[in-house]
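Undergrad: Just so it is clear, I am handing over start02.txt, which has compact mmCIF, C-alpha atoms.
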```txt
# COMPACT_ATOMS: atom_id res chain seq x y z
CA MET A 1 -44.71 57.48 7.56
CA THR A 2 -41.60 57.03 9.70
CA ARG A 3 -41.48 55.60 13.20
CA TYR A 4 -39.40 57.49 15.79
CA LEU A 5 -38.59 56.14 19.24
CA PHE A 6 -37.69 58.80 21.84
CA VAL A 7 -35.55 57.50 24.72
CA VAL A 8 -35.56 59.87 27.70
CA PRO A 9 -34.37 59.98 31.34
CA PRO A 10 -36.60 60.70 34.37
CA LEU A 11 -35.62 64.39 34.23
CA VAL A 12 -38.17 67.08 33.37
CA GLY A 13 -35.72 69.42 31.65
CA HIS A 14 -34.56 66.63 29.34
CA ILE A 15 -38.07 65.64 28.25
CA ASN A 16 -39.68 69.05 27.73
CA PRO A 17 -37.73 70.06 24.59
CA LEU A 18 -38.58 66.77 22.89
CA VAL A 19 -42.31 67.17 23.52
CA GLY A 20 -42.46 69.87 20.86
CA VAL A 21 -40.38 67.82 18.42
CA ALA A 22 -42.64 64.81 18.90
CA ALA A 23 -45.73 66.96 18.31
CA GLU A 24 -44.21 68.34 15.10
CA LEU A 25 -43.37 64.88 13.77
CA THR A 26 -46.85 63.65 14.61
CA ALA A 27 -48.40 66.61 12.78
CA ARG A 28 -46.36 65.63 9.72
CA GLY A 29 -47.91 62.17 9.73
CA HIS A 30 -45.18 60.19 11.48
CA ARG A 31 -45.51 57.90 14.49
CA VAL A 32 -43.72 58.65 17.75
CA ALA A 33 -43.26 56.39 20.77
CA TRP A 34 -41.47 56.98 24.05
CA ALA A 35 -39.22 54.77 26.19
CA GLY A 36 -38.64 55.85 29.76
CA HIS A 37 -40.23 56.31 33.16
CA PRO A 38 -44.04 56.19 32.79
CA ASP A 39 -44.83 58.84 35.41
CA TYR A 40 -42.65 61.51 33.79
CA ILE A 41 -43.78 60.75 30.25
CA ASN A 42 -47.47 60.64 31.15
CA GLU A 43 -47.21 63.96 33.00
CA LEU A 44 -45.19 65.84 30.38
CA VAL A 45 -46.30 64.21 27.12
CA GLY A 46 -49.81 63.26 28.13
CA PRO A 47 -51.66 60.03 28.91
CA ALA A 48 -52.19 59.31 25.20
CA ALA A 49 -48.44 58.88 24.60
CA ASP A 50 -47.37 55.62 22.98
CA LEU A 51 -45.29 54.51 25.93
CA TYR A 52 -42.83 51.67 26.54
CA PRO A 53 -41.91 51.63 30.24
CA CYS A 54 -38.31 51.26 31.34
CA ASP A 55 -36.91 50.61 34.78
CA THR A 56 -34.96 53.56 36.13
CA PRO A 57 -33.06 54.30 39.35
CA SER A 58 -35.34 55.49 42.11
CA GLY A 59 -34.10 59.07 41.86
CA LEU A 60 -31.15 61.40 41.94
CA HIS A 61 -30.29 61.84 45.61
CA ARG A 62 -26.92 63.54 45.95
CA PRO A 63 -25.38 64.81 49.18
CA PRO A 64 -26.27 68.52 49.16
CA GLU A 65 -22.70 69.56 49.90
CA LEU A 66 -21.35 68.07 46.66
CA ARG A 67 -20.24 70.68 44.13
CA GLY A 68 -17.96 70.93 41.10
CA ILE A 69 -16.09 67.87 39.89
CA ALA A 70 -17.23 65.76 42.86
CA ALA A 71 -20.88 66.41 41.95
CA LEU A 72 -20.20 65.55 38.29
CA GLN A 73 -18.47 62.29 39.20
CA PHE A 74 -21.31 61.34 41.52
CA LEU A 75 -23.80 62.09 38.75
CA TRP A 76 -22.07 59.78 36.29
CA GLN A 77 -21.21 56.96 38.65
CA GLU A 78 -24.39 56.92 40.71
CA PHE A 79 -27.00 57.99 38.17
CA PHE A 80 -26.09 58.06 34.44
CA VAL A 81 -24.35 54.66 34.39
CA PRO A 82 -27.01 52.90 36.53
CA LEU A 83 -29.65 54.61 34.36
CA ALA A 84 -28.14 53.05 31.24
CA ASP A 85 -27.95 49.60 32.82
CA SER A 86 -31.51 49.70 34.17
CA MET A 87 -33.11 51.15 31.01
CA ALA A 88 -31.34 48.92 28.48
CA PRO A 89 -33.78 45.94 28.65
CA GLY A 90 -36.80 48.24 28.35
CA VAL A 91 -35.34 50.04 25.32
CA ASP A 92 -34.68 46.68 23.66
CA ARG A 93 -38.30 45.68 24.29
CA ALA A 94 -39.50 48.99 22.85
CA ILE A 95 -37.50 48.48 19.66
CA ALA A 96 -38.76 44.92 19.31
CA ALA A 97 -42.39 45.98 19.75
CA PHE A 98 -42.46 49.37 17.99
CA HIS A 99 -39.99 48.69 15.14
CA PRO A 100 -38.67 52.26 14.93
CA ASP A 101 -36.89 53.56 11.84
CA VAL A 102 -34.96 56.17 13.86
CA VAL A 103 -34.07 56.43 17.54
CA VAL A 104 -33.83 59.82 19.27
CA THR A 105 -31.96 59.47 22.55
CA ASP A 106 -31.10 61.98 25.24
CA GLN A 107 -27.40 62.71 25.58
CA GLN A 108 -27.23 61.33 29.11
CA THR A 109 -29.51 58.37 28.35
CA VAL A 110 -26.94 56.28 26.57
CA ALA A 111 -29.13 53.16 26.76
CA GLY A 112 -30.79 54.51 23.62
CA ALA A 113 -27.48 54.83 21.78
CA LEU A 114 -26.39 51.35 22.86
CA ALA A 115 -29.66 49.79 21.71
CA ALA A 116 -29.67 51.64 18.39
CA GLU A 117 -26.18 50.37 17.64
CA ARG A 118 -27.03 46.80 18.55
CA HIS A 119 -30.13 46.89 16.33
CA HIS A 120 -28.30 48.72 13.50
CA LEU A 121 -30.65 51.68 13.61
CA PRO A 122 -29.77 55.31 12.85
CA TYR A 123 -30.05 57.51 15.89
CA VAL A 124 -29.76 61.17 16.81
CA THR A 125 -28.57 62.59 20.11
CA SER A 126 -30.82 65.09 21.88
CA ALA A 127 -28.61 67.60 23.72
CA THR A 128 -30.80 69.60 26.06
CA THR A 129 -27.70 71.41 27.27
CA PRO A 130 -24.67 72.37 25.16
CA ALA A 131 -22.31 71.98 28.12
CA GLU A 132 -21.09 68.56 26.92
CA PHE A 133 -19.58 70.03 23.74
CA SER A 134 -18.48 73.39 25.14
CA GLY A 135 -15.03 72.20 26.17
CA SER A 136 -15.92 72.51 29.85
CA LEU A 137 -13.77 69.48 30.75
CA ASP A 138 -10.69 70.60 28.81
CA SER A 139 -9.07 71.82 32.02
CA VAL A 140 -9.63 68.49 33.79
CA PRO A 141 -8.52 65.85 31.26
CA LYS A 142 -8.38 63.09 33.88
CA VAL A 143 -12.10 63.53 34.52
CA ALA A 144 -12.81 63.38 30.78
CA GLU A 145 -10.76 60.18 30.57
CA TRP A 146 -12.62 58.71 33.54
CA ILE A 147 -16.00 59.37 31.87
CA ALA A 148 -14.69 57.81 28.65
CA GLY A 149 -13.72 54.75 30.66
CA LEU A 150 -17.22 54.45 32.10
CA LEU A 151 -18.67 54.59 28.59
CA THR A 152 -16.23 51.93 27.40
CA GLU A 153 -17.32 49.64 30.23
CA LEU A 154 -20.97 50.25 29.30
CA ARG A 155 -20.23 49.22 25.71
CA ALA A 156 -18.58 46.02 26.89
CA ARG A 157 -21.53 45.13 29.14
CA HIS A 158 -24.16 45.78 26.48
CA GLY A 159 -22.50 44.40 23.38
CA ALA A 160 -22.00 47.60 21.40
CA THR A 161 -18.79 47.80 19.42
CA GLU A 162 -18.82 51.13 17.54
CA PRO A 163 -15.83 53.36 18.36
CA HIS A 164 -17.49 56.76 18.72
CA ASP A 165 -18.52 58.57 21.91
CA LEU A 166 -22.00 57.41 22.98
CA ARG A 167 -22.90 61.01 23.86
CA PHE A 168 -22.50 62.19 20.26
CA SER A 169 -24.26 60.25 17.54
CA PRO A 170 -22.45 60.01 14.19
CA HIS A 171 -25.85 60.76 12.64
CA GLY A 172 -26.03 64.16 14.32
CA VAL A 173 -26.73 66.00 17.56
CA LEU A 174 -29.78 68.22 18.07
CA ALA A 175 -28.65 71.18 20.19
CA PHE A 176 -31.55 73.09 21.69
CA SER A 177 -29.64 76.37 21.74
CA THR A 178 -27.78 78.63 19.30
CA PRO A 179 -24.22 79.99 19.09
CA GLU A 180 -25.54 83.42 20.13
CA LEU A 181 -25.92 81.97 23.64
CA ALA A 182 -23.72 78.88 23.71
CA GLY A 183 -20.83 79.92 21.48
CA GLN A 184 -19.56 77.77 18.64
CA ALA A 185 -19.53 74.00 19.20
CA GLU A 186 -16.30 72.17 19.86
CA ARG A 187 -17.46 69.15 17.84
CA PRO A 188 -18.78 68.55 14.29
CA GLY A 189 -22.26 67.27 13.56
CA ILE A 190 -24.11 69.76 15.79
CA HIS A 191 -27.46 71.02 14.50
CA TRP A 192 -28.37 74.25 16.29
CA VAL A 193 -32.16 74.19 16.34
CA GLY A 194 -32.85 76.53 19.27
CA PRO A 195 -35.41 75.78 21.98
CA ALA A 196 -38.34 73.57 21.00
CA ILE A 197 -41.15 75.33 22.82
CA ALA A 198 -44.49 73.54 22.94
CA GLU A 199 -47.62 73.71 25.00
CA ARG A 200 -47.64 71.35 27.94
CA PRO A 201 -50.05 70.56 30.76
CA ALA A 202 -50.19 73.53 33.12
CA PRO A 203 -51.28 73.66 36.76
CA ASP A 204 -53.90 76.09 37.96
CA PHE A 205 -52.71 79.59 38.76
CA PRO A 206 -54.47 82.61 40.35
CA TRP A 207 -54.05 84.95 37.40
CA GLU A 208 -56.17 87.58 39.13
CA TRP A 209 -53.35 87.93 41.69
CA LEU A 210 -51.10 89.63 39.14
CA ASP A 211 -50.90 93.41 39.29
CA PRO A 212 -50.36 94.94 35.81
CA ASP A 213 -48.77 98.02 37.40
CA ARG A 214 -45.86 96.03 38.90
CA ALA A 215 -43.10 94.07 37.15
CA LEU A 216 -43.33 90.29 37.48
CA VAL A 217 -40.31 88.23 38.61
CA LEU A 218 -40.24 84.43 38.44
CA VAL A 219 -37.93 82.51 40.80
CA SER A 220 -37.20 78.83 40.17
CA LEU A 221 -34.46 76.36 41.10
CA GLY A 222 -35.77 73.54 38.94
CA THR A 223 -36.87 70.12 40.11
CA VAL A 224 -33.61 68.58 41.37
CA ASN A 225 -32.37 71.28 43.75
CA THR A 226 -35.21 71.27 46.26
CA ASN A 227 -33.07 69.86 49.07
CA VAL A 228 -30.50 72.67 48.87
CA GLY A 229 -32.64 75.68 48.03
CA ALA A 230 -34.25 76.83 51.31
CA ARG A 231 -31.72 79.53 52.17
CA PHE A 232 -31.53 80.94 48.65
CA LEU A 233 -35.31 81.05 48.17
CA THR A 234 -35.69 82.73 51.57
CA GLU A 235 -33.25 85.45 50.52
CA CYS A 236 -35.08 85.86 47.21
CA ALA A 237 -38.35 86.35 49.08
CA ALA A 238 -36.75 88.98 51.31
CA ALA A 239 -35.33 90.83 48.29
CA ALA A 240 -38.74 90.74 46.66
CA HIS A 241 -40.50 92.14 49.74
CA ALA A 242 -38.04 95.01 49.87
CA ARG A 243 -39.22 95.93 46.34
CA ARG A 244 -42.90 95.18 46.85
CA ASN A 245 -44.03 98.59 45.65
CA ARG A 246 -42.74 97.87 42.15
CA LEU A 247 -42.40 94.08 41.93
CA GLN A 248 -44.50 90.98 42.28
CA THR A 249 -42.57 87.73 42.63
CA VAL A 250 -43.67 84.15 42.02
CA ILE A 251 -41.43 81.59 43.76
CA VAL A 252 -41.59 77.96 42.66
CA ASP A 253 -41.12 75.77 45.74
CA PRO A 254 -41.79 72.11 44.81
CA GLY A 255 -40.21 70.80 48.00
CA GLY A 256 -42.14 73.08 50.35
CA VAL A 257 -38.92 74.41 51.89
CA LEU A 258 -40.26 77.92 52.57
CA THR A 259 -42.29 78.47 55.71
CA ASP A 260 -45.01 81.11 55.86
CA ASP A 261 -42.68 83.38 57.81
CA GLU A 262 -39.88 82.97 55.28
CA ALA A 263 -42.20 83.52 52.34
CA GLY A 264 -43.25 86.77 53.95
CA PRO A 265 -46.57 88.24 54.99
CA GLY A 266 -49.31 87.57 52.48
CA SER A 267 -51.05 90.84 53.18
CA ASP A 268 -48.81 92.88 50.90
CA ASP A 269 -49.46 90.55 47.90
CA SER A 270 -45.88 90.87 46.69
CA VAL A 271 -44.79 87.20 46.86
CA LEU A 272 -46.67 84.11 45.78
CA VAL A 273 -45.18 80.69 46.62
CA ALA A 274 -46.42 77.63 44.74
CA PRO A 275 -45.17 74.04 44.28
CA ARG A 276 -45.81 74.18 40.53
CA VAL A 277 -46.58 77.01 38.11
CA PRO A 278 -47.48 77.38 34.43
CA GLN A 279 -43.99 78.53 33.51
CA LEU A 280 -44.48 79.34 29.82
CA PRO A 281 -47.56 81.56 30.30
CA LEU A 282 -45.85 83.31 33.22
CA LEU A 283 -42.76 84.00 31.11
CA GLU A 284 -44.97 85.81 28.60
CA ARG A 285 -45.63 88.37 31.36
CA ALA A 286 -42.34 88.26 33.27
CA SER A 287 -39.80 91.09 33.37
CA ALA A 288 -37.00 89.01 34.96
CA VAL A 289 -36.20 85.46 36.04
CA VAL A 290 -34.05 84.29 38.96
CA CYS A 291 -32.92 80.70 38.49
CA HIS A 292 -30.22 78.06 38.93
CA ALA A 293 -29.02 78.39 35.32
CA GLY A 294 -30.65 75.12 34.31
CA HIS A 295 -30.64 75.10 30.52
CA ASN A 296 -34.36 74.51 30.16
CA THR A 297 -35.32 77.53 32.30
CA VAL A 298 -32.65 79.73 30.72
CA ALA A 299 -33.69 78.79 27.19
CA GLU A 300 -37.41 79.31 27.85
CA SER A 301 -36.70 82.68 29.51
CA LEU A 302 -34.59 83.94 26.62
CA TRP A 303 -37.10 82.58 24.11
CA HIS A 304 -39.42 85.16 25.68
CA GLY A 305 -36.72 87.85 25.74
CA VAL A 306 -36.56 87.89 29.55
CA PRO A 307 -33.20 88.71 31.22
CA LEU A 308 -31.96 86.60 34.11
CA VAL A 309 -30.27 86.50 37.47
CA VAL A 310 -28.44 83.16 37.49
CA ALA A 311 -27.22 81.32 40.60
CA PRO A 312 -25.69 78.02 39.40
CA VAL A 313 -25.67 75.13 41.87
CA ARG A 314 -23.71 72.34 40.11
CA ASP A 315 -23.46 70.09 37.03
CA ASP A 316 -23.68 72.06 33.77
CA GLN A 317 -25.18 75.10 35.48
CA PRO A 318 -21.91 77.08 35.89
CA VAL A 319 -21.30 76.63 32.14
CA ILE A 320 -24.80 77.86 31.25
CA ALA A 321 -24.49 80.76 33.73
CA ALA A 322 -21.25 81.81 32.03
CA GLN A 323 -23.00 81.74 28.67
CA VAL A 324 -25.76 84.01 30.00
CA THR A 325 -23.37 86.57 31.41
CA GLU A 326 -20.97 86.48 28.46
CA CYS A 327 -23.75 87.27 26.00
CA GLY A 328 -24.95 90.06 28.33
CA ALA A 329 -28.41 88.64 29.03
CA GLY A 330 -28.06 88.42 32.80
CA VAL A 331 -26.15 88.79 36.06
CA ARG A 332 -24.60 85.98 38.09
CA VAL A 333 -24.76 85.66 41.88
CA ARG A 334 -23.28 83.00 44.14
CA PHE A 335 -25.86 80.41 45.08
CA GLY A 336 -24.26 79.49 48.39
CA ARG A 337 -23.45 83.00 49.60
CA ALA A 338 -25.67 85.59 47.95
CA GLY A 339 -27.91 87.36 50.43
CA ARG A 340 -30.96 89.50 49.89
CA GLU A 341 -28.81 92.56 49.17
CA HIS A 342 -26.83 90.80 46.43
CA ILE A 343 -29.91 89.20 44.89
CA GLY A 344 -31.82 92.49 45.06
CA ALA A 345 -28.97 94.41 43.42
CA ALA A 346 -28.76 91.84 40.63
CA LEU A 347 -32.52 92.06 40.11
CA ASP A 348 -32.33 95.84 39.96
CA ALA A 349 -29.59 95.56 37.34
CA VAL A 350 -31.47 93.27 34.94
CA LEU A 351 -34.69 95.24 35.41
CA THR A 352 -33.26 98.74 34.96
CA GLN A 353 -30.11 98.45 32.84
CA PRO A 354 -31.30 98.29 29.22
CA GLU A 355 -28.31 96.33 27.94
CA HIS A 356 -29.50 93.15 29.65
CA ARG A 357 -32.93 93.30 28.06
CA ALA A 358 -31.34 94.16 24.70
CA ALA A 359 -29.04 91.12 24.93
CA ALA A 360 -31.98 88.88 25.88
CA LEU A 361 -33.87 90.14 22.84
CA ARG A 362 -30.89 89.39 20.58
CA VAL A 363 -30.79 85.81 21.81
CA GLN A 364 -34.57 85.61 21.44
CA SER A 365 -34.26 86.59 17.77
CA ALA A 366 -31.58 83.95 17.19
CA PHE A 367 -33.62 81.31 18.98
CA ARG A 368 -36.73 81.95 16.92
CA ALA A 369 -34.80 82.08 13.65
CA ALA A 370 -33.21 78.69 14.39
CA GLY A 371 -36.50 76.91 13.81
CA GLY A 372 -37.03 74.97 17.05
CA ALA A 373 -39.17 71.86 16.78
CA ALA A 374 -39.68 72.28 13.03
CA ALA A 375 -35.92 72.42 12.37
CA ALA A 376 -35.34 69.40 14.61
CA ALA A 377 -38.06 67.49 12.74
CA ASP A 378 -36.40 68.39 9.41
CA HIS A 379 -33.12 66.81 10.56
CA LEU A 380 -34.91 63.71 11.81
CA GLU A 381 -36.87 63.32 8.58
CA ALA A 382 -33.58 63.40 6.68
CA LEU A 383 -32.61 60.18 8.48
CA ALA A 384 -35.80 58.37 7.54
CA PRO A 385 -35.18 55.22 5.48
CA THR A 386 -35.94 55.70 1.80
CA PRO A 387 -36.80 52.83 -0.55
CA THR A 388 -33.19 52.95 -1.85
CA ARG A 389 -31.78 52.71 1.67
CA LEU A 390 -34.13 49.88 2.54
CA ALA A 391 -33.10 47.96 -0.57
CA GLU A 392 -29.42 48.46 0.23
CA ALA A 393 -29.97 47.28 3.82
CA GLU A 394 -31.52 44.05 2.53
CA LEU A 395 -28.60 43.18 0.21
CA PRO A 396 -26.57 40.18 1.36
CA THR A 397 -23.14 40.96 2.79
```
Using structure tokens, write down the structure from this file.
TA:
Amino acid sequence: MTRYLFVVPPLVGHINPLVGVAAELTARGHRVAWAGHPDYINELVGPAADLYPCDTPSGLHRPPELRGIAALQFLWQEFFVPLADSMAPGVDRAIAAFHPDVVVTDQQTVAGALAAERHHLPYVTSATTPAEFSGSLDSVPKVAEWIAGLLTELRARHGATEPHDLRFSPHGVLAFSTPELAGQAERPGIHWVGPAIAERPAPDFPWEWLDPDRALVLVSLGTVNTNVGARFLTECAAAAHARRNRLQTVIVDPGGVLTDDEAGPGSDDSVLVAPRVPQLPLLERASAVVCHAGHNTVAESLWHGVPLVVAPVRDDQPVIAAQVTECGAGVRVRFGRAGREHIGAALDAVLTQPEHRAAALRVQSAFRAAGGAAAAADHLEALAPTPTRLAEAELPT
């Protein structure tokens, strides 16, 4: 039996892929514990999770007008770096109490990498988006240097002295995608395992509302774009109503930004607005997805062979949107400017032009062949300390 400590941020899309990996390791007889924000872990992993709480920043509250490089810099300076500083003591306590053999740490939760180095533990990076190793910052080397400087300062504050990039473990990186979507990696040590899809707690849903004679469209902007999504979701609802004879549309609205008028009249049963939905079961029935190009939603959609309309907002989303369009599995629209006509035309394209569905099915095949949670667990088991390794570790230096 090997003990694995999973270190995760308070971000749903970064925890979900690891839920399946943790379940696979547990089924193989290993022990798994989690370090992070209790509310997120309890909700996504379940109340029975072996949990070591960590302090985290109160939330990611960015000015809605921030885009591009400015949004990325804000994310690092105001969230990722404070996240590392605030989580570091809790991760140390988790290691002291749980005695893990291997640490699995999210790529943006570098507190896990820092702690693993200090405690001389092997660790693996969990990359829930391949944007970090896609070369997306090659055109802005000063920004890449600035991020490297922030990581160097983190090392100095937390007593880690290894020379490598904290975002890329020398023991390997689990990439929850495949080259068929993401392209070849720019860095060595990447293990393409594909999405790790696992059952998770699902909210209630009125399944009787669905009409089998109409195509189902799912619209979601994720959990961190609620303060900027009102206009776009309103236009999506209008595009859906214009196609109500052949479409039903479920719009995820966690922030309650749509009014009854904007969501449209309920009498034509073409649009259903809900704060939370059972995304995986809905994707089994969906014909198309409209989303912000968040990697988690894109990966789960393509796992089900569903083509997409992508409207990236910021962060890694433009990179993921480009991957979707370049492989042919979807159409891109402009989040800030697309109106109901543009969104409707893009929906018509992915629903009626067979090449988009064919491309989505090609990525689906690659995803499923990659192995998902089982392949990730194989890589993690390979890091488990053997009796020989343990004996070597105990030799005097």
Undergrad: Considering all atoms listed in the file, can you say which of A:Ala370, A:Ala48, A:Ala144, A:Ala215 comes closest to Pro179 of chain A?
TA: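 The shortest atom-to-atom distance to Pro179 of chain A comes from A:Ala370.
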Undergrad: Within 12 Å of Met1 of chain A, counting only C-alpha atoms, which residues qualify if same-chain residues fewer than 4 places away don't, as a list in words?
TA: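 The residues that qualify are Leu25, Thr26, Ala27, Arg28, Gly29, His30, Arg31, Val32, Pro100, Asp101, Val102, Glu381, Ala384, Pro385 and Thr386 of chain A.
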Undergrad: Tell me, as a PyMOL selection string, which residues lie within 9 Å of Val91 of chain A, counting all atoms listed in the file; anything in the same chain fewer than 4 positions away does not count.
TA: chain A and resi 7+35-36+52-54+87+95-96+111-112+115
Undergrad: Calculated over all atoms listed in the file, which of the candidates A:Ala202, A:Ala374, A:Ala382, A:Ile320 has the smallest distance to Ala22 of chain A?
TA: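 Smallest separation from Ala22 of chain A among the options: A:Ala374.
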Undergrad: Could you name the residues that touch Leu221 of chain A at 12 Å or less, counting only C-alpha atoms, but leaving out those on the same chain fewer than 6 positions away, as a VMD selection string?
TA: chain A and resid 13 227 to 233 236 251 to 255 257 275 to 276 289 to 298 309 to 314 317 335
Undergrad: Kindly export the residues of the current selection with C-alpha atoms, as a CSV table (one decimal), in the coordinates of the input.
TA:
```csv
chain,number,residue,atom,x,y,z
A,13,GLY,CA,-35.7,69.4,31.6
A,227,ASN,CA,-33.1,69.9,49.1
A,228,VAL,CA,-30.5,72.7,48.9
A,229,GLY,CA,-32.6,75.7,48.0
A,230,ALA,CA,-34.2,76.8,51.3
A,231,ARG,CA,-31.7,79.5,52.2
A,232,PHE,CA,-31.5,80.9,48.6
A,233,LEU,CA,-35.3,81.0,48.2
A,236,CYS,CA,-35.1,85.9,47.2
A,251,ILE,CA,-41.4,81.6,43.8
A,252,VAL,CA,-41.6,78.0,42.7
A,253,ASP,CA,-41.1,75.8,45.7
A,254,PRO,CA,-41.8,72.1,44.8
A,255,GLY,CA,-40.2,70.8,48.0
A,257,VAL,CA,-38.9,74.4,51.9
A,275,PRO,CA,-45.2,74.0,44.3
A,276,ARG,CA,-45.8,74.2,40.5
A,289,VAL,CA,-36.2,85.5,36.0
A,290,VAL,CA,-34.0,84.3,39.0
A,291,CYS,CA,-32.9,80.7,38.5
A,292,HIS,CA,-30.2,78.1,38.9
A,293,ALA,CA,-29.0,78.4,35.3
A,294,GLY,CA,-30.6,75.1,34.3
A,295,HIS,CA,-30.6,75.1,30.5
A,296,ASN,CA,-34.4,74.5,30.2
A,297,THR,CA,-35.3,77.5,32.3
A,298,VAL,CA,-32.6,79.7,30.7
A,309,VAL,CA,-30.3,86.5,37.5
A,310,VAL,CA,-28.4,83.2,37.5
A,311,ALA,CA,-27.2,81.3,40.6
A,312,PRO,CA,-25.7,78.0,39.4
A,313,VAL,CA,-25.7,75.1,41.9
A,314,ARG,CA,-23.7,72.3,40.1
A,317,GLN,CA,-25.2,75.1,35.5
A,335,PHE,CA,-25.9,80.4,45.1
```
Undergrad: Skipping near chain neighbours, those fewer than 4 positions away, what residues fall within 9 Å of Arg243 of chain A using only C-alpha atoms, listed as a PyMOL selection string?
TA: chain A and resi 238-239+247-248+270+344
Undergrad: Can you work out the spacing between atom CA of Val193 of chain A and atom CA of His304 of chain A in Å, to one decimal?
TA: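 Going from atom CA of Val193 of chain A over to atom CA of His304 of chain A covers 16.1 Å.
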Undergrad: For Leu282 of chain A, which residue among A:Leu258, A:Ala338, A:Val350, A:Val219 is the nearest when counting all atoms listed in the file?
TA: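 Of all the options, A:Val219 lies closest to Leu282 of chain A.
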Undergrad: Quick check, in Å to one decimal: how far apart do atom CA of His379 of chain A and atom CA of Thr125 of chain A lie?
TA: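 Atom CA of His379 of chain A sits 11.4 Å away from atom CA of Thr125 of chain A.
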Undergrad: Taking (-26.6, 84.2, 20.9) in the file's coordinates as the center, which residues reach within 8 Å of it, counting all atoms listed in the file, put as a PyMOL selection string?
TA: chain A and resi 178-183+327+362-363+366-367
Undergrad: Measuring between only C-alpha atoms, which one of A:Ser365, A:Thr105, A:Thr234, A:Gln77 shows the shortest distance to Glu153 of chain A?
TA: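 Closest candidate: A:Gln77.
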Undergrad: Under the rule that all atoms listed in the file are counted, which of A:Asp213, A:Ile69, A:Arg340, A:Gly194 is the nearest residue to Pro141 of chain A?
TA: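 Residue with the minimum atom-to-atom distance to Pro141 of chain A: A:Ile69.
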